[in-house]
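Single-structure report; data block below.
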Amino acid sequence: MANSYSAADIQVLEGLDAVRMRPGMYIGSTGTRGLHHLIWEIVDNAIDEAANGYATEITVTLKKDGSCEVTDNGRGVPVDIHPQFGVSAVEVVYTQLHAGGKFSDKNYAYSGGLHGVGASVVNALSEWMVVDVYQNYAHYQQRFESSTDPKTGKILSGHPVAPLAKIGNTRKRGTQVCFKPDARVFEDTHFQTDLVRRRVRELAYLNRGVKFVFTDERLKDPAERTIEYCYEGGLADFVKYLNTDKNVITEPIVFEASRDGLLVRVAIQYTDSYTESIYSFVNNVPTPEGGTHETGFKAAVTKAFNDYARRIGALKEKDNNLTGDDFREGMTAVVYAGVKNPQFEGQTKGKLGNTEVRPVYEAVCSEQLSIYLDDLKHQDAAQRIVEKAVKAARVREAARKARNLARQKNELEAAPLVGKLSSCTGRNPELNELFIVEGDSAGGSAKQGRDRRFQAILPLRGKPLNVEKKRLDQVLANEEFRSIITALGTGIGEEFDLTHLKYNRVIILSDADQDGAHIRAILLTFFFRYMRDLVTEGHVYIGMPPLYKVAKGNKTLYCYDDNALPAAIREVGRGYTLQRYKGLGEMNPEQLWDTTLNPDGRRLVQVTIEDLAEAERRVTILMGDKVEPRKAYISAFANFNRVDDFKPVTVEA
Ligand code: 0RA
């Protein structure tokens, strides 16, 4: 044990104990996100070393024992004795809170990290951590542990087991950090393969030319364990990837420039679709809620393209400017900002707050876009973009008229439209639930079986329109969607306002067959495209009707998946009857209540969007108009509309 440690060390350890007392303050939460944050904190240091030009390769390995190992081939954390602390710099970095910042300042121009809390926090929240440094032909190692103090019974967080020691010779260079998250801290210490792999891939796109190697040693299939990501094209490759399954109408428009300490990097590629997908980042951290960089970018796009449209005469003097939305229709963009002291705002810290960023970001983008647009070799592309925007403006105008019409019509025909809806009697939206039910017959059973105090039923006739292939005006003309929009009360698209939502839970109830899956996918696509906050704020659920009923005498068991059937049969015993439900319509009102409506016992899956880019891609694949990628996807995942395409979480409802 570490009995050679000085008073200064005790202080250090107390710092780490504070992290253990309040992990949330340092890593946001002790749930999935906080757990994975440990990895990104360590990876950030490796990326800094690469960004400074010293490392070219970074590996992230999920080990069988539940630990995670991160390596880089950089200079290696310094091993000399730190004058202030009297221990090796390695020990300072991994035991001293905020050592990263104090230690470096100048080297780390655009240091990453959402919380930027440093590697010592990871150590504090780990059962153990081992750091290996390969430097000047020597191999050094130090191990840290969080163990119980035999005298006090308290946990000593992340204390060195021994000083840093040279343990061998090597020709390697770099740093290797391996840590095992402490089960006493985290609700669940299991690293999620997909989550880590996707983020590593994202980092590879954001850090051009750096080779990232992701390995999950826990996977059964050796062929699936390792994957390398390295993109020489950086953001240009990123937008191309995001557009994989769309029809692109331009090559990526890319630029990069620094001004007043701000780094601007942008890649834009237009497709023939009607959707806008902007992915913004600050110092490698996604900012799904946007912020000042994104606002600056959008303003620049509107200005630069309008100016250009006037220059080429696509807009005449008398014409109004086109709107930002017009120019962003069909746009896929990655918008990256390197910011010195980023302020992250919003509930999930997903928004850049620095006000000084906006004007600079906008000015740089305006200039760069003008340069692009004025270049002779870009005239074809530029004209296609302007033509598309002019068309979008025309449709926007038509949609506005359609919407007004729909509104007037709604007022006139309110009764027949909402006539399909059986509303609930309770007036508290917090408690109310809307079931969107496939088919009139199931709708009828649901109306009779529900608890009318808080459950409303909206039956859908046949298949709703696939909105992915339609524009807003066509969506609004569709009666099924009009009923949904009217029932929810929120409005749609730009006019969407979550505060007007009349139901806290919107529950999709469709049959457990291919048709039901298709209807569900269409509805989810509709919510994803036109009412995204409904999904991101957790209001959308999928109801899971039972697949089987096993009964004998007065004993009845329902099974919600095939795996549960044998146990149910065993429990009911010999002489049972087995019914397989092919659709909701086969259940009478009481059965529907017992199995699907009653909050006490029903199965609901909450729909969340964990990864916006992936959700976007899958919606495009499943609902868009390219047939080949859809076929490929469907044959890869036989059960094609699995709800987990949307990363659901089962909730106790
Ligand atoms: C040189 C000096 C310093 C740190 C590093 C290299 C370094 C740190 C890490 C962390 C992971 N991999 C690394 N590779 C190199 C200390 C001075 C400073 O903080 O800039």
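Chain labels run A, B, ... following the order of the structure tokens; each chain numbers its residues from 1, and ligands are numbered from 1 in the order shown.
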
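Neighbouring residues of stretch 296-305 of chain A at 8 Å or closer, counting only C-alpha atoms and skipping chain neighbours under 2 positions away, are Thr292, His293, Glu294, Asp307, Tyr308, Ala309, Leu322, Thr323, Gly324, Phe327, Val335, Val357, Arg358, Pro359, Val360, Tyr361, Glu362, Ala363, Cys365, Ser366, Leu369, Ser370 and Val386 of chain A.
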
Could you write out that same residue set with N, CA and C atoms as a PDB file, in the first residue's frame?
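Result went into again_39.pdb, see below:
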```pdb
ATOM      1  N   THR A 292     -24.976  29.578 -30.669  1.00  0.00           N
ATOM      2  CA  THR A 292     -24.548  30.774 -31.412  1.00  0.00           C
ATOM      3  C   THR A 292     -23.790  30.444 -32.695  1.00  0.00           C
ATOM      4  N   HIS A 293     -23.046  29.346 -32.712  1.00  0.00           N
ATOM      5  CA  HIS A 293     -22.351  28.977 -33.950  1.00  0.00           C
ATOM      6  C   HIS A 293     -23.348  28.619 -35.043  1.00  0.00           C
ATOM      7  N   GLU A 294     -24.373  27.813 -34.644  1.00  0.00           N
ATOM      8  CA  GLU A 294     -25.365  27.386 -35.618  1.00  0.00           C
ATOM      9  C   GLU A 294     -26.202  28.566 -36.115  1.00  0.00           C
ATOM     10  N   ASP A 307     -27.894  36.913 -51.703  1.00  0.00           N
ATOM     11  CA  ASP A 307     -27.024  37.821 -52.470  1.00  0.00           C
ATOM     12  C   ASP A 307     -26.686  37.207 -53.824  1.00  0.00           C
ATOM     13  N   TYR A 308     -26.354  35.929 -53.779  1.00  0.00           N
ATOM     14  CA  TYR A 308     -25.990  35.251 -55.019  1.00  0.00           C
ATOM     15  C   TYR A 308     -27.187  35.189 -55.978  1.00  0.00           C
ATOM     16  N   ALA A 309     -28.359  34.846 -55.429  1.00  0.00           N
ATOM     17  CA  ALA A 309     -29.560  34.740 -56.265  1.00  0.00           C
ATOM     18  C   ALA A 309     -29.836  36.076 -56.958  1.00  0.00           C
ATOM     19  N   LEU A 322     -35.572  35.166 -50.324  1.00  0.00           N
ATOM     20  CA  LEU A 322     -36.031  33.838 -49.904  1.00  0.00           C
ATOM     21  C   LEU A 322     -35.702  33.691 -48.415  1.00  0.00           C
ATOM     22  N   THR A 323     -36.407  32.761 -47.758  1.00  0.00           N
ATOM     23  CA  THR A 323     -36.163  32.604 -46.319  1.00  0.00           C
ATOM     24  C   THR A 323     -35.042  31.597 -46.081  1.00  0.00           C
ATOM     25  N   GLY A 324     -34.558  31.578 -44.850  1.00  0.00           N
ATOM     26  CA  GLY A 324     -33.538  30.607 -44.473  1.00  0.00           C
ATOM     27  C   GLY A 324     -34.027  29.186 -44.694  1.00  0.00           C
ATOM     28  N   PHE A 327     -33.602  27.948 -48.191  1.00  0.00           N
ATOM     29  CA  PHE A 327     -32.239  27.552 -48.560  1.00  0.00           C
ATOM     30  C   PHE A 327     -31.757  26.323 -47.794  1.00  0.00           C
ATOM     31  N   VAL A 335     -21.573  21.466 -38.902  1.00  0.00           N
ATOM     32  CA  VAL A 335     -21.141  22.810 -38.536  1.00  0.00           C
ATOM     33  C   VAL A 335     -20.288  22.687 -37.276  1.00  0.00           C
ATOM     34  N   VAL A 357     -19.395  34.329 -30.306  1.00  0.00           N
ATOM     35  CA  VAL A 357     -19.156  33.402 -31.416  1.00  0.00           C
ATOM     36  C   VAL A 357     -20.007  33.734 -32.644  1.00  0.00           C
ATOM     37  N   ARG A 358     -21.254  34.124 -32.395  1.00  0.00           N
ATOM     38  CA  ARG A 358     -22.187  34.291 -33.513  1.00  0.00           C
ATOM     39  C   ARG A 358     -21.704  35.231 -34.619  1.00  0.00           C
ATOM     40  N   PRO A 359     -21.341  36.488 -34.302  1.00  0.00           N
ATOM     41  CA  PRO A 359     -20.964  37.391 -35.394  1.00  0.00           C
ATOM     42  C   PRO A 359     -19.738  36.918 -36.159  1.00  0.00           C
ATOM     43  N   VAL A 360     -18.768  36.356 -35.445  1.00  0.00           N
ATOM     44  CA  VAL A 360     -17.546  35.900 -36.117  1.00  0.00           C
ATOM     45  C   VAL A 360     -17.850  34.686 -36.985  1.00  0.00           C
ATOM     46  N   TYR A 361     -18.637  33.760 -36.421  1.00  0.00           N
ATOM     47  CA  TYR A 361     -18.975  32.561 -37.186  1.00  0.00           C
ATOM     48  C   TYR A 361     -19.727  32.942 -38.458  1.00  0.00           C
ATOM     49  N   GLU A 362     -20.654  33.881 -38.289  1.00  0.00           N
ATOM     50  CA  GLU A 362     -21.457  34.325 -39.438  1.00  0.00           C
ATOM     51  C   GLU A 362     -20.568  34.991 -40.492  1.00  0.00           C
ATOM     52  N   ALA A 363     -19.699  35.895 -40.060  1.00  0.00           N
ATOM     53  CA  ALA A 363     -18.853  36.625 -41.009  1.00  0.00           C
ATOM     54  C   ALA A 363     -17.971  35.663 -41.800  1.00  0.00           C
ATOM     55  N   CYS A 365     -18.451  32.443 -42.361  1.00  0.00           N
ATOM     56  CA  CYS A 365     -19.258  31.614 -43.272  1.00  0.00           C
ATOM     57  C   CYS A 365     -19.727  32.424 -44.473  1.00  0.00           C
ATOM     58  N   SER A 366     -20.156  33.666 -44.254  1.00  0.00           N
ATOM     59  CA  SER A 366     -20.607  34.507 -45.377  1.00  0.00           C
ATOM     60  C   SER A 366     -19.499  34.651 -46.404  1.00  0.00           C
ATOM     61  N   LEU A 369     -18.740  31.286 -48.146  1.00  0.00           N
ATOM     62  CA  LEU A 369     -19.802  30.880 -49.071  1.00  0.00           C
ATOM     63  C   LEU A 369     -19.770  31.738 -50.329  1.00  0.00           C
ATOM     64  N   SER A 370     -19.498  33.034 -50.164  1.00  0.00           N
ATOM     65  CA  SER A 370     -19.409  33.907 -51.342  1.00  0.00           C
ATOM     66  C   SER A 370     -18.268  33.465 -52.246  1.00  0.00           C
ATOM     67  N   VAL A 386     -30.104  27.275 -55.794  1.00  0.00           N
ATOM     68  CA  VAL A 386     -31.033  28.406 -55.864  1.00  0.00           C
ATOM     69  C   VAL A 386     -32.384  27.962 -56.439  1.00  0.00           C
TER      70      VAL A 386
END
```

**OP:** Would you mind listing what lies within 8 Å of stretch 271-287 of chain A as a ChimeraX atom specification, with only C-alpha atoms counted and same-chain residues fewer than 5 positions away left out?
**Re:** /A:110-114,203,206,243,246-250,294,328-339,342,349-352,471,613

**OP:** From stretch 94-304 of chain A, collect each residue whose DSSP state is alpha helix (DSSP H) and return the set as a ChimeraX atom specification.
**Re:** /A:94-95,99-104,119-124,193-206,222-225,235-242,292-304

Original post:
Contacts of A:Arg197 at 9 Å or less, counting only C-alpha atoms, minus same-chain residues fewer than 6 places along, as a VMD selection string?
Top reply: chain A and resid 60 214 to 216 227

Subject >> Contacts of stretch 228-237 of chain A within 10 Å, only C-alpha atoms, excl. fewer than 5 positions in-chain, as a PyMOL selection string >> reply: chain A and resi 57-59+197+200-215+242-243+251-255+265-269+333-336

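Comparing the minimum interatomic distances between ligand 1 and each of A:Ser146, A:Thr193, A:Gln176, A:Thr95, counting only C-alpha atoms and all ligand atoms, we find that A:Gln176 sits nearest.
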
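Straight-line separation from atom CA of A:Gly15 to atom CA of A:Ile81: 20.2 Å.
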
Original post:
Which is closest to ligand 1 among A:Val390, A:Val92, A:Leu195, A:Cys68, if we use only C-alpha atoms and all ligand atoms?
Top reply: A:Val92
